[in-house]
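Trainee: Below are the structure tokens for one structure; questions will follow.
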Protein chains: 4
Amino acid sequence: MSELFTFGLWTVGHRGRDPFGEPTRAALDPLAIVHGLAKIGAHGVNFHDDDLVPAGSSAADRDRVVRAFKQALADTGLRVPMATTNLFSDPVFRDGAFTSHDPNVRNYALQKTMRAMDLGVELGATTYVFWGGREGAEVDAAKDPIDAIKRFREAINFLCEYSVAQKYPLRFALEAKPNEPRGDIYFATTPAFLAFINTLERPDMVGVNPEFAHEQMAGLNFYHVVAQAIEAGKLFHIDLNDQKPGRFDQDLRFGSESIKTLFFVVKLLEESGYDGPRHFDAHAYRSEDADGVWDFARGCMRTYRILAEKARQFSADAEIQALLADIRGDQPASTVLSHAEVAEKIKSASFDLAAMRAKKLPYERLDQLVLELLMGVR
Amino acid sequence: MSELFTFGLWTVGHRGRDPFGEPTRAALDPLAIVHGLAKIGAHGVNFHDDDLVPAGSSAADRDRVVRAFKQALADTGLRVPMATTNLFSDPVFRDGAFTSHDPNVRNYALQKTMRAMDLGVELGATTYVFWGGREGAEVDAAKDPIDAIKRFREAINFLCEYSVAQKYPLRFALEAKPNEPRGDIYFATTPAFLAFINTLERPDMVGVNPEFAHEQMAGLNFYHVVAQAIEAGKLFHIDLNDQKPGRFDQDLRFGSESIKTLFFVVKLLEESGYDGPRHFDAHAYRSEDADGVWDFARGCMRTYRILAEKARQFSADAEIQALLADIRGDQPASTVLSHAEVAEKIKSASFDLAAMRAKKLPYERLDQLVLELLMGVR
Amino acid sequence: MSELFTFGLWTVGHRGRDPFGEPTRAALDPLAIVHGLAKIGAHGVNFHDDDLVPAGSSAADRDRVVRAFKQALADTGLRVPMATTNLFSDPVFRDGAFTSHDPNVRNYALQKTMRAMDLGVELGATTYVFWGGREGAEVDAAKDPIDAIKRFREAINFLCEYSVAQKYPLRFALEAKPNEPRGDIYFATTPAFLAFINTLERPDMVGVNPEFAHEQMAGLNFYHVVAQAIEAGKLFHIDLNDQKPGRFDQDLRFGSESIKTLFFVVKLLEESGYDGPRHFDAHAYRSEDADGVWDFARGCMRTYRILAEKARQFSADAEIQALLADIRGDQPASTVLSHAEVAEKIKSASFDLAAMRAKKLPYERLDQLVLELLMGVR
Amino acid sequence: MSELFTFGLWTVGHRGRDPFGEPTRAALDPLAIVHGLAKIGAHGVNFHDDDLVPAGSSAADRDRVVRAFKQALADTGLRVPMATTNLFSDPVFRDGAFTSHDPNVRNYALQKTMRAMDLGVELGATTYVFWGGREGAEVDAAKDPIDAIKRFREAINFLCEYSVAQKYPLRFALEAKPNEPRGDIYFATTPAFLAFINTLERPDMVGVNPEFAHEQMAGLNFYHVVAQAIEAGKLFHIDLNDQKPGRFDQDLRFGSESIKTLFFVVKLLEESGYDGPRHFDAHAYRSEDADGVWDFARGCMRTYRILAEKARQFSADAEIQALLADIRGDQPASTVLSHAEVAEKIKSASFDLAAMRAKKLPYERLDQLVLELLMGVR
């Protein structure tokens, strides 16, 4: 396992504010976060521009903040693998940033992103994430969703050019979410971005950043989503957390609800050759105090390690592997079938349907073994 | 409006069987369906292979059935714009057709599809739909979702070759569904197929067949989904019906639940230049008798027409259009921004953020006007 | 129709803050709200204690605020039919108010409620609503849900005593919600409170306050929920708004999404003899400015009136009524069946099952007529 | 742990039919099921009338079937703790049984239930379950939900009388479900029945039969639901299985998806004194063959035992118990507060809010320990 555990400043720094209540925890200084993350053994820290440099800071203030942050990174050995832009808090983005009707808002969003890219690269980021939290609608009469796609494409194309022109080592990772804070967000699921990337001018430098909670909100199978991203060569980053389906965005501690699905996700990450960060985009329960935040962060890492170890056990478990060999057979994943001759042969073949219908598929047994492995009773 | 209303044999022919109950209606002969659809003014009829020619029919029986069906089409003027394959009813497909572990099942699925394509083309179909109802899993330990994608790709590539080799005039339309009958179905949403199509050998001949109920099951905004398909040039077919979110597949009469969303869908179809069938993939309530089936079918068409008329009213409504002009401004959807010079200008621009935050966005008023238009009180 | 339209101070006063963004609108003074509501023709205004008298106000400040508010009520004729307590914003309630483990928190919640009841009654309220937004859990290991019920009961019993001792003319209305802000809220649905009420010491003075958005979040049929409350004689108040199922609490303008379901709800309210307030517990889109808030409020009232008028049309529509007569038959809703003699007769009766299975149930036609009525094309 | 594991004839006998596919397994004879269940160590077997005695059987056939079944029970020692009626398969019930508009249907449903009660009691059942699968609507215009409640009440009252008159030792257990096969089912959640029971003539003999999958479909917290039933003294039976939220009724093997929630449910059952059956209302994946059905059944029992053992570990885990003692304090669950004197004291008390806000609630740590216990790494 490559232990590239990262956290955002906004995750351990989350103050416990929600739509019905005020903050329960004091603000945490970015430097304190860096030292705290180093202490628990994290690999890196990510941020939105405003997390690190408050909006409206003077150039001198910015420099002071950045200098101190770099020093903390140097002191601790922590890395900044990823950076991103806050295009959602300021009321100016209340009806979208890149997809706003107002060209001034679109340009301001571009400006804010270019500056945040500068900041991210200065601090070592090689992945740049785009989450368009306000790119959506409650009133479909107001905005043309086709225009929204075109405008979003224009922005990403523009920013790719900017990155290349600046010789930045960045890859972009697009992050989908079905809703909240907007009634519906455009590009509601990760595959919507996989499809969109193919229409960009520089598709090679753009991939996705799937987030467990976001696909889970729509009840979709995250393991399948990540698999499609990997198969397309587009898993550039991943946001790990937990969530119950069909409700508000919970951003719970990794593994706190969905042990089984997340086992398959961890197994896939560990076995697929994915070598990017395991980013925990989550926050402590609102009832925690300052110490509890670190219990939360340690818990994310610990559960990941437990599941990775379970994945190794899965591969080493003779009974499970024998069942799998039986079920999967020894057929290669793909056979050459695309010739006319083969077509003719298949078209006229006769099949022993009764035997094919009777083929044993002991999935109950296999699944039970997996659960027992997960519960530590094998 | 191009009134290309179509129904599947399996829609008006649905017998009212469900997981907890036996059929409530007698089987309807395909010929009776053709005459019935003609009588209510439909444009066409679609089918799965087995809907028309029962599985296991002799060649002579097949010919007799096809001849009679052609005669009914000729007598009524009804068309067959689309055909598809049943790869889900037979237990042989209980763990997938194109994605089965068993190469015999995969080949049998190809054989069944080739033969069904022959049948579809013989009857005039130009669109061929793929709904992989069994391509999924309950037990993620058993099947590798990356292999599933590869196998599905292999099958579609193979069948594209077959179609081209036969000089068939077919375009393929892939249909997504998140779950049911499988716990999770691969390619759970329409955008998953939009992304997949780009990886095929002949992407130009493959598009999507979004179904309202399927995206609605996952609580996704179907209007946005169809917009992305249109923007990508991939809306090859559409399945219209109705559904409440977050539950079993209901396939309700078009427009019976989701008036507002379906208004935007109809408006988009009518205004986008989409000139394919409006296919109603739904069925009558289980409590209906043989007559009620035709009430159901007429209802689908009638509601579509009402919503299309509402879309015209929307465009002609001076107050709504004035609000929209205000909201959208006179900016083109896309401006040329991608030059270095422009980047520099945007990066250093100063914005009147206070004014931008204060820009009026009277969405409550606009949305209320739309609702009053929909309720016929404007 | 009794036009008892009410709004909470927190509804038109909502500032557009959400989990991902800062307020977009200035705070609205309660007096301005009273005058604004009077101007649009509302009947009344409701509040949480803190909405009117900021927490921590001195007695003198409290009196000044209350005096001015009373004057505004007198000047405008607006009523205060309902009041409630904010037991969710202060971090002291972060793990529950009445169900907290900490007896000090439970007592403080009682104190805050008693004082808020005093305030409510002073301003004329006759209904007192309890929404226990923090009475729930993310960590089921921490809190015993049976203790939570017992503690909640103890609090309601205590406050009933208090109300009676003070000779207050209050009836209590309990409001359920499945989740948000807690992972899961105890008494997740309205029927959970209907059951709970039967276990109280003074069940007669306690009823429910169903909220459309809350039941809709869980995908439940709100019309059925309200019907059960009415049948039990327990509909003491109602919160009207709109919401898409399976997602965060949206509190949308009444009727903006769910025309059909809300038609049946309005019809039921108008025809059931319910004579309490029609309270709109919703807020304007975050993108609205100060004017838009009033567009929002007028929209709620207007849509209610439109649907009430549609309900009258339904009753007057000869074709619909003839269908209904056919479907429902002329059987009384209830017949006397509970005698042994009858039991014997029924047990040995023979039934014409074939005829019973064949009985016509033209629900497609009826439902289509309802939709056409709703869309104004009948 | 009282090991009262039971299965329905319809569970291990499920043939793998679903809305899109034909059966994959042969019918299993009830006698074979009894012997199979005995072999795996189950305590009992439950049935719907038609599961055991096919509809339309002659009296002689019925007697022969019953005699053979009794013999199998005697041979194996298996018990029949519960019986129920199939009021959903026959098209005669397509629009409801007890809530049908048609008095003949209502009476036929009563007849069928009385006869099934006779059969159940003859075979030893002491619990009688009512699941009203067809008591619901797609077309709310057609049926008055208040009438539906009244009719359902009339039926239950009638059948209580019948049971008492026959001196049957039965308790009734009502089972809720939100939807499927109906668009919406009346009494959508268990608490709706808890409330309803209070309105019956013999509330003491009626309780509930909560089913995990049914509450889970609506995303509700089943642990909280069962706790309310227990607190009300109304948990008369329980249906255990598994399910993903927000989708069709899956009836998966117990514990196959929701390890954490089901841990709390098992813990509650084991510690609450509930001494009724643990009934597995689930079925094997459609891909299983005849052997796989028993893998499925053994898996349900095995996972229950594992979770019960985890519950004992939870109670014995010093670190968890210390955390809990800290969190819960030593306050009794309920204190005497309901006197006027106390009210005055509470109303005028002053609270150290800052200290109360700062009270440590280490829920992240507690929850992480629970997960590690569940995963077997403590």
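Numbering starts fresh at 1 for the residues of each chain in the structure tokens, the chains themselves are lettered A, B, ... in the order given, and ligands are numbered from 1 as they appear.
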I'd like a table as JSON lines: residues in chain D with an atom no more than 7 Å from chain A, each row giving the shortest atom pair and its distance in Å to one decimal, only C-alpha atoms counted, sorted by chain and rising residue number.
Mentor:
```
{"residue": "D:Pro245", "atom": "CA", "partner": "A:Pro245", "partner_atom": "CA", "distance": 6.6}
{"residue": "D:Gly246", "atom": "CA", "partner": "A:Gly246", "partner_atom": "CA", "distance": 6.8}
{"residue": "D:Ser256", "atom": "CA", "partner": "A:Leu371", "partner_atom": "CA", "distance": 7.0}
{"residue": "D:Glu257", "atom": "CA", "partner": "A:Lys260", "partner_atom": "CA", "distance": 6.8}
{"residue": "D:Lys260", "atom": "CA", "partner": "A:Glu257", "partner_atom": "CA", "distance": 6.8}
{"residue": "D:Ser287", "atom": "CA", "partner": "A:Leu361", "partner_atom": "CA", "distance": 6.1}
{"residue": "D:Glu288", "atom": "CA", "partner": "A:Leu361", "partner_atom": "CA", "distance": 5.8}
{"residue": "D:Asp289", "atom": "CA", "partner": "A:Lys360", "partner_atom": "CA", "distance": 6.6}
{"residue": "D:Gly292", "atom": "CA", "partner": "A:Pro362", "partner_atom": "CA", "distance": 6.0}
{"residue": "D:Asp295", "atom": "CA", "partner": "A:Arg365", "partner_atom": "CA", "distance": 5.8}
{"residue": "D:Phe296", "atom": "CA", "partner": "A:Glu364", "partner_atom": "CA", "distance": 5.5}
{"residue": "D:Gly299", "atom": "CA", "partner": "A:Gln368", "partner_atom": "CA", "distance": 6.2}
{"residue": "D:Lys360", "atom": "CA", "partner": "A:Asp289", "partner_atom": "CA", "distance": 6.6}
{"residue": "D:Leu361", "atom": "CA", "partner": "A:Glu288", "partner_atom": "CA", "distance": 5.9}
{"residue": "D:Pro362", "atom": "CA", "partner": "A:Gly292", "partner_atom": "CA", "distance": 6.0}
{"residue": "D:Tyr363", "atom": "CA", "partner": "A:Glu288", "partner_atom": "CA", "distance": 7.0}
{"residue": "D:Glu364", "atom": "CA", "partner": "A:Phe296", "partner_atom": "CA", "distance": 5.5}
{"residue": "D:Arg365", "atom": "CA", "partner": "A:Asp295", "partner_atom": "CA", "distance": 5.8}
{"residue": "D:Gln368", "atom": "CA", "partner": "A:Gly299", "partner_atom": "CA", "distance": 6.2}
{"residue": "D:Leu371", "atom": "CA", "partner": "A:Ser256", "partner_atom": "CA", "distance": 6.9}
{"residue": "D:Leu374", "atom": "CA", "partner": "A:Met375", "partner_atom": "CA", "distance": 5.5}
{"residue": "D:Met375", "atom": "CA", "partner": "A:Met375", "partner_atom": "CA", "distance": 4.0}
{"residue": "D:Gly376", "atom": "CA", "partner": "A:Gly376", "partner_atom": "CA", "distance": 4.0}
{"residue": "D:Val377", "atom": "CA", "partner": "A:Gly376", "partner_atom": "CA", "distance": 6.7}
```
Trainee: Got time to write the residues from that selection, C-alpha atoms, as an mmCIF file, in the first residue's frame?
Mentor:
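Writing the result to result02.cif gives the following:
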```
data_model
loop_
_atom_site.group_PDB
_atom_site.id
_atom_site.type_symbol
_atom_site.label_atom_id
_atom_site.label_comp_id
_atom_site.auth_asym_id
_atom_site.auth_seq_id
_atom_site.Cartn_x
_atom_site.Cartn_y
_atom_site.Cartn_z
ATOM 1 C CA PRO D 245 -31.927 2.149 0.729
ATOM 2 C CA GLY D 246 -33.992 3.919 -1.916
ATOM 3 C CA SER D 256 -25.110 -8.954 3.759
ATOM 4 C CA GLU D 257 -25.127 -5.151 3.372
ATOM 5 C CA LYS D 260 -23.382 -1.695 11.479
ATOM 6 C CA SER D 287 -28.395 -16.875 -9.470
ATOM 7 C CA GLU D 288 -28.318 -19.609 -6.783
ATOM 8 C CA ASP D 289 -29.350 -23.168 -7.403
ATOM 9 C CA GLY D 292 -27.280 -22.201 -2.722
ATOM 10 C CA ASP D 295 -26.002 -21.501 1.887
ATOM 11 C CA PHE D 296 -28.263 -18.477 2.029
ATOM 12 C CA GLY D 299 -25.615 -17.412 6.224
ATOM 13 C CA LYS D 360 -16.532 16.459 25.794
ATOM 14 C CA LEU D 361 -18.467 14.063 23.574
ATOM 15 C CA PRO D 362 -15.866 11.693 22.099
ATOM 16 C CA TYR D 363 -18.194 10.099 19.595
ATOM 17 C CA GLU D 364 -15.575 9.764 16.862
ATOM 18 C CA ARG D 365 -13.505 7.626 19.192
ATOM 19 C CA GLN D 368 -14.264 3.989 15.653
ATOM 20 C CA LEU D 371 -16.213 -0.382 13.932
ATOM 21 C CA LEU D 374 -17.231 -5.155 14.156
ATOM 22 C CA MET D 375 -14.227 -5.767 11.897
ATOM 23 C CA GLY D 376 -12.636 -8.067 14.415
ATOM 24 C CA VAL D 377 -9.511 -6.006 14.958
#
```
Trainee: Within range 162-329 of chain A, find each residue whose DSSP state, derived from the backbone, is helix (DSSP H, G or I), and express the selection as a PyMOL selection string.
Mentor: chain A and resi 162-165+190-197+203-205+212-217+222-231+259-272+290-316+318-328
Trainee: Please measure the separation of CA of Asp251 in chain B and CA of Met217 in chain B, giving the value in Å to one decimal.
Mentor: 10.6 Å
Trainee: Identify, on the basis of only C-alpha atoms, every residue whose closest approach to range 152-161 of chain D does not exceed 10 Å; exclude the query and any residue fewer than 4 positions from it along the same chain; express the result as a PyMOL selection string.
Mentor: (chain C and resi 334-340+342-343) or (chain D and resi 97-100+106-107+109-111+113-114+117+130+132+135+146-148+165-168+170-172+174+186+196-197+199-203+205-206)
Trainee: Neighbours of His43 in chain B within 7 Å (only C-alpha atoms; same-chain residues fewer than 5 positions away dropped), as a PDB file with C-alpha atoms, in the first residue's frame?
Mentor:
```
ATOM      1  CA  LEU B   4     -43.485  10.345 -33.827  1.00  0.00           C
ATOM      2  CA  PHE B   5     -45.237   8.572 -30.968  1.00  0.00           C
ATOM      3  CA  THR B   6     -44.227   4.942 -30.576  1.00  0.00           C
ATOM      4  CA  LEU B  78     -47.560   1.819 -38.707  1.00  0.00           C
ATOM      5  CA  ARG B  79     -43.733   1.847 -38.720  1.00  0.00           C
TER       6      ARG B  79
END
```
Trainee: If we count only C-alpha atoms, what is near Phe47 in chain A at a cut-off of 10 Å, once residues fewer than 4 positions away on the same chain are taken out, given as a list in words?
Mentor: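 In the requested form, the answer reads Phe7, Gly8, Leu9, Trp10, Thr11, Pro30, Asp51, Leu52, Val53, Val80, Pro81, Met82, Ala83, Thr84, Thr85, Asn86, Ala116, Gly120, Ala125 and Val129 of chain A.
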Trainee: Identify, with DSSP run on backbone atoms, the residues in range 109-228 of chain A assigned to strand (DSSP E or B), and express the list as a PyMOL selection string.
Mentor: chain A and resi 127-131+136-137+171-175+184-185+206-208+211
Trainee: Give me the residues near Val92 in chain C as a ChimeraX atom specification, where near means some atom within 7 Å (using only C-alpha atoms) and where sequence neighbours in that chain fewer than 2 positions away do not count.
Mentor: /C:90,94 /D:353,356-357
Trainee: So that I have them on file, write out the residues from the current selection with C-alpha atoms, as a PDB file, in the first residue's frame.
Mentor:
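As a result, result-v6.pdb now contains:
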```
ATOM      1  CA  ASP C  90     -26.828  26.964  20.103  1.00  0.00           C
ATOM      2  CA  ARG C  94     -25.332  19.867  19.684  1.00  0.00           C
TER       3      ARG C  94
ATOM      4  CA  LEU D 353     -23.758  27.469  29.160  1.00  0.00           C
ATOM      5  CA  MET D 356     -22.246  22.820  28.859  1.00  0.00           C
ATOM      6  CA  ARG D 357     -21.125  23.726  25.341  1.00  0.00           C
TER       7      ARG D 357
END
```
Trainee: Kindly give the distance, in Å, that separates CA of Gly183 in chain B and CA of Leu220 in chain A, rounded to a single decimal.
Mentor: 10.3 Å
Trainee: Gln321 in chain B: which residues within 12 Å, counting only C-alpha atoms, same-chain residues fewer than 6 positions away excluded, as a list in words?
Mentor: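 The filter keeps Ala141 and Ala142 of chain A; Arg312, Gln313, Phe314, Ser315, Ile327, Arg328, Gly329, Leu366, Leu369 and Val370 of chain B.
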Trainee: Could you turn the residues from that selection into a file that holds all heavy atoms, as an mmCIF file, in the first residue's frame?
Mentor:
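Saved to part-v9.cif:
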```
data_model
loop_
_atom_site.group_PDB
_atom_site.id
_atom_site.type_symbol
_atom_site.label_atom_id
_atom_site.label_comp_id
_atom_site.auth_asym_id
_atom_site.auth_seq_id
_atom_site.Cartn_x
_atom_site.Cartn_y
_atom_site.Cartn_z
ATOM 1 N N ALA A 141 -36.253 26.842 -15.719
ATOM 2 C CA ALA A 141 -36.681 27.820 -16.716
ATOM 3 C C ALA A 141 -35.625 28.891 -16.946
ATOM 4 O O ALA A 141 -35.561 29.498 -18.010
ATOM 5 C CB ALA A 141 -37.987 28.493 -16.271
ATOM 6 N N ALA A 142 -34.783 29.125 -15.942
ATOM 7 C CA ALA A 142 -33.884 30.279 -16.021
ATOM 8 C C ALA A 142 -32.641 30.018 -16.848
ATOM 9 O O ALA A 142 -32.150 30.903 -17.536
ATOM 10 C CB ALA A 142 -33.484 30.700 -14.610
ATOM 11 N N ARG B 312 -44.839 25.960 -26.343
ATOM 12 C CA ARG B 312 -45.064 27.065 -27.292
ATOM 13 C C ARG B 312 -45.575 28.303 -26.570
ATOM 14 O O ARG B 312 -45.160 29.418 -26.865
ATOM 15 C CB ARG B 312 -46.054 26.634 -28.382
ATOM 16 C CG ARG B 312 -45.394 25.795 -29.471
ATOM 17 C CD ARG B 312 -46.329 25.514 -30.629
ATOM 18 N NE ARG B 312 -47.393 24.583 -30.258
ATOM 19 C CZ ARG B 312 -47.261 23.248 -30.280
ATOM 20 N NH1 ARG B 312 -46.130 22.683 -30.660
ATOM 21 N NH2 ARG B 312 -48.269 22.479 -29.919
ATOM 22 N N GLN B 313 -46.471 28.102 -25.611
ATOM 23 C CA GLN B 313 -46.967 29.246 -24.827
ATOM 24 C C GLN B 313 -45.825 29.929 -24.082
ATOM 25 O O GLN B 313 -45.771 31.156 -24.002
ATOM 26 C CB GLN B 313 -48.020 28.786 -23.821
ATOM 27 C CG GLN B 313 -49.353 28.391 -24.454
ATOM 28 C CD GLN B 313 -50.307 27.733 -23.439
ATOM 29 O OE1 GLN B 313 -50.137 27.877 -22.239
ATOM 30 N NE2 GLN B 313 -51.285 27.008 -23.947
ATOM 31 N N PHE B 314 -44.938 29.130 -23.545
ATOM 32 C CA PHE B 314 -43.782 29.677 -22.823
ATOM 33 C C PHE B 314 -42.988 30.616 -23.731
ATOM 34 O O PHE B 314 -42.603 31.716 -23.325
ATOM 35 C CB PHE B 314 -42.904 28.512 -22.355
ATOM 36 C CG PHE B 314 -41.681 28.896 -21.566
ATOM 37 C CD1 PHE B 314 -41.704 28.901 -20.172
ATOM 38 C CD2 PHE B 314 -40.487 29.228 -22.206
ATOM 39 C CE1 PHE B 314 -40.560 29.233 -19.441
ATOM 40 C CE2 PHE B 314 -39.343 29.562 -21.473
ATOM 41 C CZ PHE B 314 -39.384 29.571 -20.091
ATOM 42 N N SER B 315 -42.763 30.198 -24.951
ATOM 43 C CA SER B 315 -41.980 31.011 -25.880
ATOM 44 C C SER B 315 -42.725 32.273 -26.298
ATOM 45 O O SER B 315 -42.113 33.267 -26.670
ATOM 46 C CB SER B 315 -41.657 30.210 -27.142
ATOM 47 O OG SER B 315 -40.883 29.103 -26.804
ATOM 48 N N ILE B 327 -32.741 38.144 -17.140
ATOM 49 C CA ILE B 327 -31.912 37.210 -16.373
ATOM 50 C C ILE B 327 -30.703 36.749 -17.177
ATOM 51 O O ILE B 327 -29.592 36.678 -16.669
ATOM 52 C CB ILE B 327 -32.768 35.981 -15.957
ATOM 53 C CG1 ILE B 327 -33.739 36.374 -14.855
ATOM 54 C CG2 ILE B 327 -31.888 34.825 -15.527
ATOM 55 C CD1 ILE B 327 -34.827 35.350 -14.581
ATOM 56 N N ARG B 328 -30.934 36.472 -18.431
ATOM 57 C CA ARG B 328 -29.866 35.873 -19.241
ATOM 58 C C ARG B 328 -28.944 36.929 -19.837
ATOM 59 O O ARG B 328 -27.807 36.632 -20.209
ATOM 60 C CB ARG B 328 -30.462 35.011 -20.356
ATOM 61 C CG ARG B 328 -31.230 33.837 -19.802
ATOM 62 C CD ARG B 328 -31.599 32.844 -20.883
ATOM 63 N NE ARG B 328 -32.215 31.660 -20.281
ATOM 64 C CZ ARG B 328 -32.719 30.652 -20.966
ATOM 65 N NH1 ARG B 328 -32.684 30.669 -22.289
ATOM 66 N NH2 ARG B 328 -33.255 29.619 -20.346
ATOM 67 N N GLY B 329 -29.424 38.174 -19.938
ATOM 68 C CA GLY B 329 -28.615 39.222 -20.553
ATOM 69 C C GLY B 329 -28.486 38.973 -22.035
ATOM 70 O O GLY B 329 -29.072 38.025 -22.584
ATOM 71 N N LEU B 366 -40.148 34.081 -11.938
ATOM 72 C CA LEU B 366 -40.120 33.293 -13.175
ATOM 73 C C LEU B 366 -40.708 31.906 -12.949
ATOM 74 O O LEU B 366 -41.547 31.423 -13.724
ATOM 75 C CB LEU B 366 -38.671 33.180 -13.666
ATOM 76 C CG LEU B 366 -38.434 32.250 -14.867
ATOM 77 C CD1 LEU B 366 -39.171 32.749 -16.102
ATOM 78 C CD2 LEU B 366 -36.929 32.126 -15.150
ATOM 79 N N LEU B 369 -44.430 31.929 -12.588
ATOM 80 C CA LEU B 369 -45.111 32.106 -13.880
ATOM 81 C C LEU B 369 -45.143 30.796 -14.659
ATOM 82 O O LEU B 369 -46.150 30.449 -15.277
ATOM 83 C CB LEU B 369 -44.411 33.196 -14.703
ATOM 84 C CG LEU B 369 -44.542 34.616 -14.137
ATOM 85 C CD1 LEU B 369 -43.790 35.605 -15.027
ATOM 86 C CD2 LEU B 369 -46.009 35.037 -14.018
ATOM 87 N N VAL B 370 -44.047 30.067 -14.609
ATOM 88 C CA VAL B 370 -44.021 28.774 -15.302
ATOM 89 C C VAL B 370 -45.081 27.846 -14.723
ATOM 90 O O VAL B 370 -45.828 27.189 -15.455
ATOM 91 C CB VAL B 370 -42.615 28.130 -15.185
ATOM 92 C CG1 VAL B 370 -42.639 26.699 -15.693
ATOM 93 C CG2 VAL B 370 -41.596 28.959 -15.946
#
```
